[in-house]
Amino acid sequence: MALLTKEAEEKITNLLLSEGLADANLVYKIKEEAKSKNIPVLAELIKQKLISEDMVARATAAIIGVPYVELKNITIDQDILQKIPGEASARVLAVPLGEKDGLLNVAMVDVTNVQAIDYLSNLINQPIRVWMSSERGVREMLDKYHGDFSGVKEAVRETGEEAVEQAKSNVKTIVQDSPISKALTTILSYAAKTKASDIHIEPLENSLIIRCRIDGVLRRIMELPKTVAPALVSRIKILSNLKIDEHRIPQDGQFTVLVDDQEIDLRIAISPVTWGEQVVIRLLDKTGVSMEIEKMGMSGRALRSVLAGIRKPNGMILTSGPTGSGKSTTLYALIQQIKSEEINIVTLEDPVEYKMDGINQIQVNVDAGLTFASGLRSILRQDPDVVMVGEIRDSETAGLAVQAALTGHLVFSTLHTNSAAGILPRLLDMGIEPFLLASTLNVVIGQRLVRRITEKREIYKSSSIETEGINSIVGDLLPKDQESVAKVSEDLGYPGLPVKNDDHYMLAKGMDTKETPGGYKGRAGLYETIDVDEDIQKLIISHATANEIMRQAKKKGTVTMRQDGILKVLSGITSIEEVNRVASDLS
């Protein structure tokens with residue numbers, strides 16, 4: 001915050017009060033305390049969280065008579081950023097914004113510091129036009145452009161054609177202290193700090209694109225020169241124990257990194273593409289994942305159905321959904337529910353994503369002959385009570401899983417289908433006899449993931465189209481009057497559901513910030529569950545379609561994923577746009 005005279009502080013405080021941005025009584029009280037302690041009033045108001053740095057910066061700009069700029073939604077070109085060296089920007093807390101009429105527009109915290117302005121102007125040999133911004137905003141931009149990726153920029157500067165050729169021929173150059181090693185470390189650190197699930201390194205004809213999947217959505221974080229690609233991919237191959245001279249076929253590997261004293265397991269998939277080799281890195285961070293099924297978003301009827309299914313001594317619990325829909329995490333959470341010293345739980349996974357105490361976890365190794373099918377045969381000789389198979393991929397594994405359930409084991413597994421009802425025809429297609437399937441399945445689960453609305457939000461009235469859509473999907477589920485709100489809300493697992501309304505509903509929208517792009521942070525599951533009761537068993541035996549099975553399940557009270565999504569919208573957990581994004585193909 002700029003150094004201000006007491007007169008300027010008084011003007012800014014009065015402006016904040018006149019605009020209704022601060023409580024007059026609290027401000028007066030803190031002004032008296034600041035006066036007695038001889039400390040700046042504005043600093044104390046910020047410390048007490050009565051006002052924000054941004055509010056003060058905006059008011060200061062108005063008093064001083066300089067333009068104000070909010071930096072959180074601004075993207076700055078690399079060419080402009082290079083106008084002022086990173087060290088100079090950090091020293092005077094200034095960020096270049098762009099050029100106009102021969103002037104370089106610069107956002108600064110202390111716009112009254114004439115010496116700093118002259119220093120920057122002389123440094124770049126160009127006149128400057130100053131804009132004011134908050135210290136928080138400037139520091140975030142410095143972290144974004146000069147902090148997080150400084151290692152990558154160094155690699156770009158130092159890794160030319162000669163360096164790449166040297167790195168190819170000298171493995172030690174890459175392994176130890178090469179710039180490309182620092183670049184990879186910087187990219188991995190950024191991904192871990194932003195809770196990204198995947199990193200995509202994608203070669204184009206003349207450049208290399210780095211994207212991160214954050215809360216299920218890919219975001220482009222940087223573009224690098226194409227010359228960096230060979231060394232960067234070679235570094236990843238070395239860490240993953242892959243062949244660095246193999247560029248014709250896909251390769252898979254894994255390694256572990258330490259970020260902020262937390263181990264993160266990385267799964268590597270490298271594939272040849274038109275302009276080089278694409279690398280996809282999956283980050284598996286156990287510390288950032290909730291293993292409690294309720295916190296993951298399952299509630300109400302779905303939760304009761306699943307908990308009843310896992311309490312049975314034997315049978316199958318299967319979960320389905322597309323890649324990246326949280327199926328494995330759901331199984332881990334369910335195993336966490338039943339874990340006990342009194343039972344033997346054995347898992348067969350590819351790979352072992354999260355290591356859990358008290359669970360015997362086996363890693364599939366196809367090269368050594370350890371497949372899901374062969375591993376499952378071995379597990380059944382280890383006296384298990386509960387068996388988890390990471391994925392049912394073929395008829396042999398499906399048959400063994402059914403046999404395990406028939407012989408007194410509780411079996412958990414996943415399949416790739418679009419819905420819970422789709423699991424049943426899929427297993428029939430794999431050759432499982434209908435009567436065996438009907439007698440072994442306890443419950444089937446369908447799921448998708450949506451982004452959660454951040455805590456910083458605004459409330460708005462739904463439009464007529466949104467209201468009509470809500471009523472068409474969940475109108476039959478919502479309370480019909482105020483007296484039934486508590487009962488219906490408890491049944492569905494969403495406290496305080498609104499009464500069905502043909503006019504409007506109050507919905508939430510997150511505030512778009514650097515930390516919460518799009519107004520979202522974190523994810524929640526959309527779930528649907530089907531209890532395999534006698535009626536569903538009859539449908540299985542008669543080879544019913546997925547639609548016929550789902551119609552019967554809905555008659556018995558199943559809440560579909562799309563309905564679950566809209567209930568989450570009405571509860572302020574997610575938005576209609578998110579539900580439409582991930583579940584538009586569902587009824």
# chains A, B, ... in the order shown; residues from 1 in each chain; ligands from 1
call {"tool": "residues_around", "arguments": {"residues": "range 479-486 of chain A", "least_positions_apart": "6", "cutoff": "9 Å", "atoms": "only C-alpha atoms", "output": "count of residues only"}}
result
7
call {"tool": "residues_around", "arguments": {"residues": "Leu184 in chain A", "least_positions_apart": "3", "cutoff": "9 Å", "atoms": "only C-alpha atoms", "output": "PyMOL selection string"}}
result
chain A and resi 151-152+179-181+187-189+232+235-236
call {"tool": "write_last_selection", "arguments": {"atoms": "C-alpha atoms", "output": "PDB file, in the first residue's frame"}}
result
ATOM      1  CA  GLY A 151      12.462 -22.014 -14.005  1.00  0.00           C
ATOM      2  CA  VAL A 152      10.732 -22.646 -17.307  1.00  0.00           C
ATOM      3  CA  PRO A 179      17.740 -25.971 -16.971  1.00  0.00           C
ATOM      4  CA  ILE A 180      15.264 -28.448 -18.450  1.00  0.00           C
ATOM      5  CA  SER A 181      15.217 -30.352 -15.123  1.00  0.00           C
ATOM      6  CA  ILE A 187       5.676 -27.256 -14.121  1.00  0.00           C
ATOM      7  CA  LEU A 188       5.045 -30.145 -11.703  1.00  0.00           C
ATOM      8  CA  SER A 189       5.083 -27.785  -8.714  1.00  0.00           C
ATOM      9  CA  LEU A 232      11.783 -32.041 -21.794  1.00  0.00           C
ATOM     10  CA  ARG A 235      13.856 -35.841 -18.943  1.00  0.00           C
ATOM     11  CA  ILE A 236      10.408 -37.306 -18.258  1.00  0.00           C
TER      12      ILE A 236
END
call {"tool": "select_by_dssp", "arguments": {"residues": "range 449-506 of chain A", "states": "strand (DSSP E or B)", "output": "list in words"}}
result
Leu449, Val450, Arg451, Arg452, Ile453, Arg457, Glu458, Ile459, Tyr460, Lys461 and Met506 of chain A
call {"tool": "closest_residue", "arguments": {"among": "A:Ala583, A:Ala88, A:Val233, A:Ile293", "to": "Tyr119 in chain A", "atoms": "only C-alpha atoms"}}
result
A:Ala88
call {"tool": "closest_residue", "arguments": {"among": "A:Gly324, A:Pro425, A:Pro434, A:Gly300", "to": "Asp215 in chain A", "atoms": "only C-alpha atoms"}}
result
A:Gly324
call {"tool": "closest_residue", "arguments": {"among": "A:Met132, A:Val92, A:Ile210, A:Ala116", "to": "Pro67 in chain A", "atoms": "only C-alpha atoms"}}
result
A:Met132
call {"tool": "residues_around", "arguments": {"residues": "range 103-115 of chain A", "least_positions_apart": "6", "cutoff": "8 Å", "atoms": "only C-alpha atoms", "output": "list of chain:residue names"}}
result
A:Met1, A:Ala2, A:Leu3, A:Ala57, A:Val69, A:Val92, A:Leu93, A:Ala94, A:Val95, A:Pro96, A:Leu97, A:Gln126, A:Pro127, A:Ile128, A:Arg129, A:Val130, A:Trp131, A:Met132, A:Ser133, A:Ser134, A:Glu135, A:Val138
call {"tool": "write_last_selection", "arguments": {"atoms": "N, CA, C and O atoms", "output": "short mmCIF file (atom, residue, chain, number, x, y, z; two decimals), in the first residue's frame"}}
result
data_model
loop_
_atom_site.label_atom_id
_atom_site.label_comp_id
_atom_site.auth_asym_id
_atom_site.auth_seq_id
_atom_site.Cartn_x
_atom_site.Cartn_y
_atom_site.Cartn_z
N MET A 1 0.84 -1.19 0.00
CA MET A 1 0.00 0.00 0.00
C MET A 1 0.88 1.24 0.00
O MET A 1 1.91 1.29 0.69
N ALA A 2 0.51 2.24 -0.77
CA ALA A 2 1.30 3.46 -0.89
C ALA A 2 1.38 4.18 0.45
O ALA A 2 0.47 4.11 1.27
N LEU A 3 2.53 4.87 0.67
CA LEU A 3 2.69 5.67 1.88
C LEU A 3 1.84 6.92 1.75
O LEU A 3 1.99 7.69 0.80
N ALA A 57 -7.03 0.61 -2.48
CA ALA A 57 -6.30 1.01 -3.69
C ALA A 57 -7.20 1.78 -4.65
O ALA A 57 -6.81 2.80 -5.23
N VAL A 69 -6.61 -0.08 -12.02
CA VAL A 69 -6.79 -1.29 -12.83
C VAL A 69 -6.90 -2.51 -11.91
O VAL A 69 -6.11 -2.66 -10.97
N VAL A 92 10.06 -2.87 -7.17
CA VAL A 92 9.21 -1.68 -7.04
C VAL A 92 7.73 -2.02 -7.10
O VAL A 92 6.89 -1.13 -7.09
N LEU A 93 7.41 -3.35 -7.14
CA LEU A 93 6.02 -3.82 -7.21
C LEU A 93 5.28 -3.16 -8.37
O LEU A 93 4.34 -2.38 -8.19
N ALA A 94 5.73 -3.48 -9.57
CA ALA A 94 5.14 -2.92 -10.79
C ALA A 94 5.01 -4.01 -11.85
O ALA A 94 5.85 -4.90 -11.94
N VAL A 95 3.94 -3.92 -12.64
CA VAL A 95 3.70 -4.90 -13.70
C VAL A 95 3.36 -4.17 -14.99
O VAL A 95 2.44 -3.33 -15.00
N PRO A 96 4.10 -4.42 -16.09
CA PRO A 96 3.76 -3.78 -17.38
C PRO A 96 2.47 -4.36 -17.93
O PRO A 96 2.24 -5.57 -17.87
N LEU A 97 1.62 -3.49 -18.49
CA LEU A 97 0.31 -3.92 -18.99
C LEU A 97 0.22 -3.94 -20.51
O LEU A 97 -0.38 -4.84 -21.10
N GLN A 126 12.00 4.40 -21.97
CA GLN A 126 10.69 4.67 -22.55
C GLN A 126 9.82 5.36 -21.51
O GLN A 126 9.88 5.02 -20.32
N PRO A 127 9.03 6.36 -21.92
CA PRO A 127 8.15 7.01 -20.95
C PRO A 127 7.06 6.05 -20.46
O PRO A 127 6.64 5.14 -21.17
N ILE A 128 6.58 6.31 -19.22
CA ILE A 128 5.65 5.39 -18.57
C ILE A 128 4.36 6.11 -18.20
O ILE A 128 4.38 7.28 -17.77
N ARG A 129 3.24 5.44 -18.36
CA ARG A 129 1.97 5.92 -17.83
C ARG A 129 1.59 4.99 -16.67
O ARG A 129 1.50 3.77 -16.84
N VAL A 130 1.37 5.57 -15.50
CA VAL A 130 1.16 4.79 -14.29
C VAL A 130 -0.32 4.54 -14.02
O VAL A 130 -1.15 5.45 -14.13
N TRP A 131 -0.64 3.29 -13.68
CA TRP A 131 -1.96 2.88 -13.21
C TRP A 131 -1.81 2.36 -11.79
O TRP A 131 -0.77 1.80 -11.44
N MET A 132 -2.82 2.53 -11.00
CA MET A 132 -2.74 2.02 -9.63
C MET A 132 -3.46 0.69 -9.52
O MET A 132 -4.50 0.46 -10.12
N SER A 133 -2.86 -0.20 -8.69
CA SER A 133 -3.50 -1.47 -8.38
C SER A 133 -3.15 -1.84 -6.95
O SER A 133 -2.26 -1.23 -6.33
N SER A 134 -3.84 -2.84 -6.41
CA SER A 134 -3.58 -3.25 -5.03
C SER A 134 -2.30 -4.07 -4.96
O SER A 134 -1.85 -4.67 -5.94
N GLU A 135 -1.69 -4.10 -3.78
CA GLU A 135 -0.48 -4.89 -3.59
C GLU A 135 -0.76 -6.37 -3.83
O GLU A 135 0.05 -7.08 -4.43
N VAL A 138 -0.88 -6.99 -7.64
CA VAL A 138 0.44 -6.92 -8.28
C VAL A 138 1.27 -8.15 -7.91
O VAL A 138 1.92 -8.77 -8.77
#
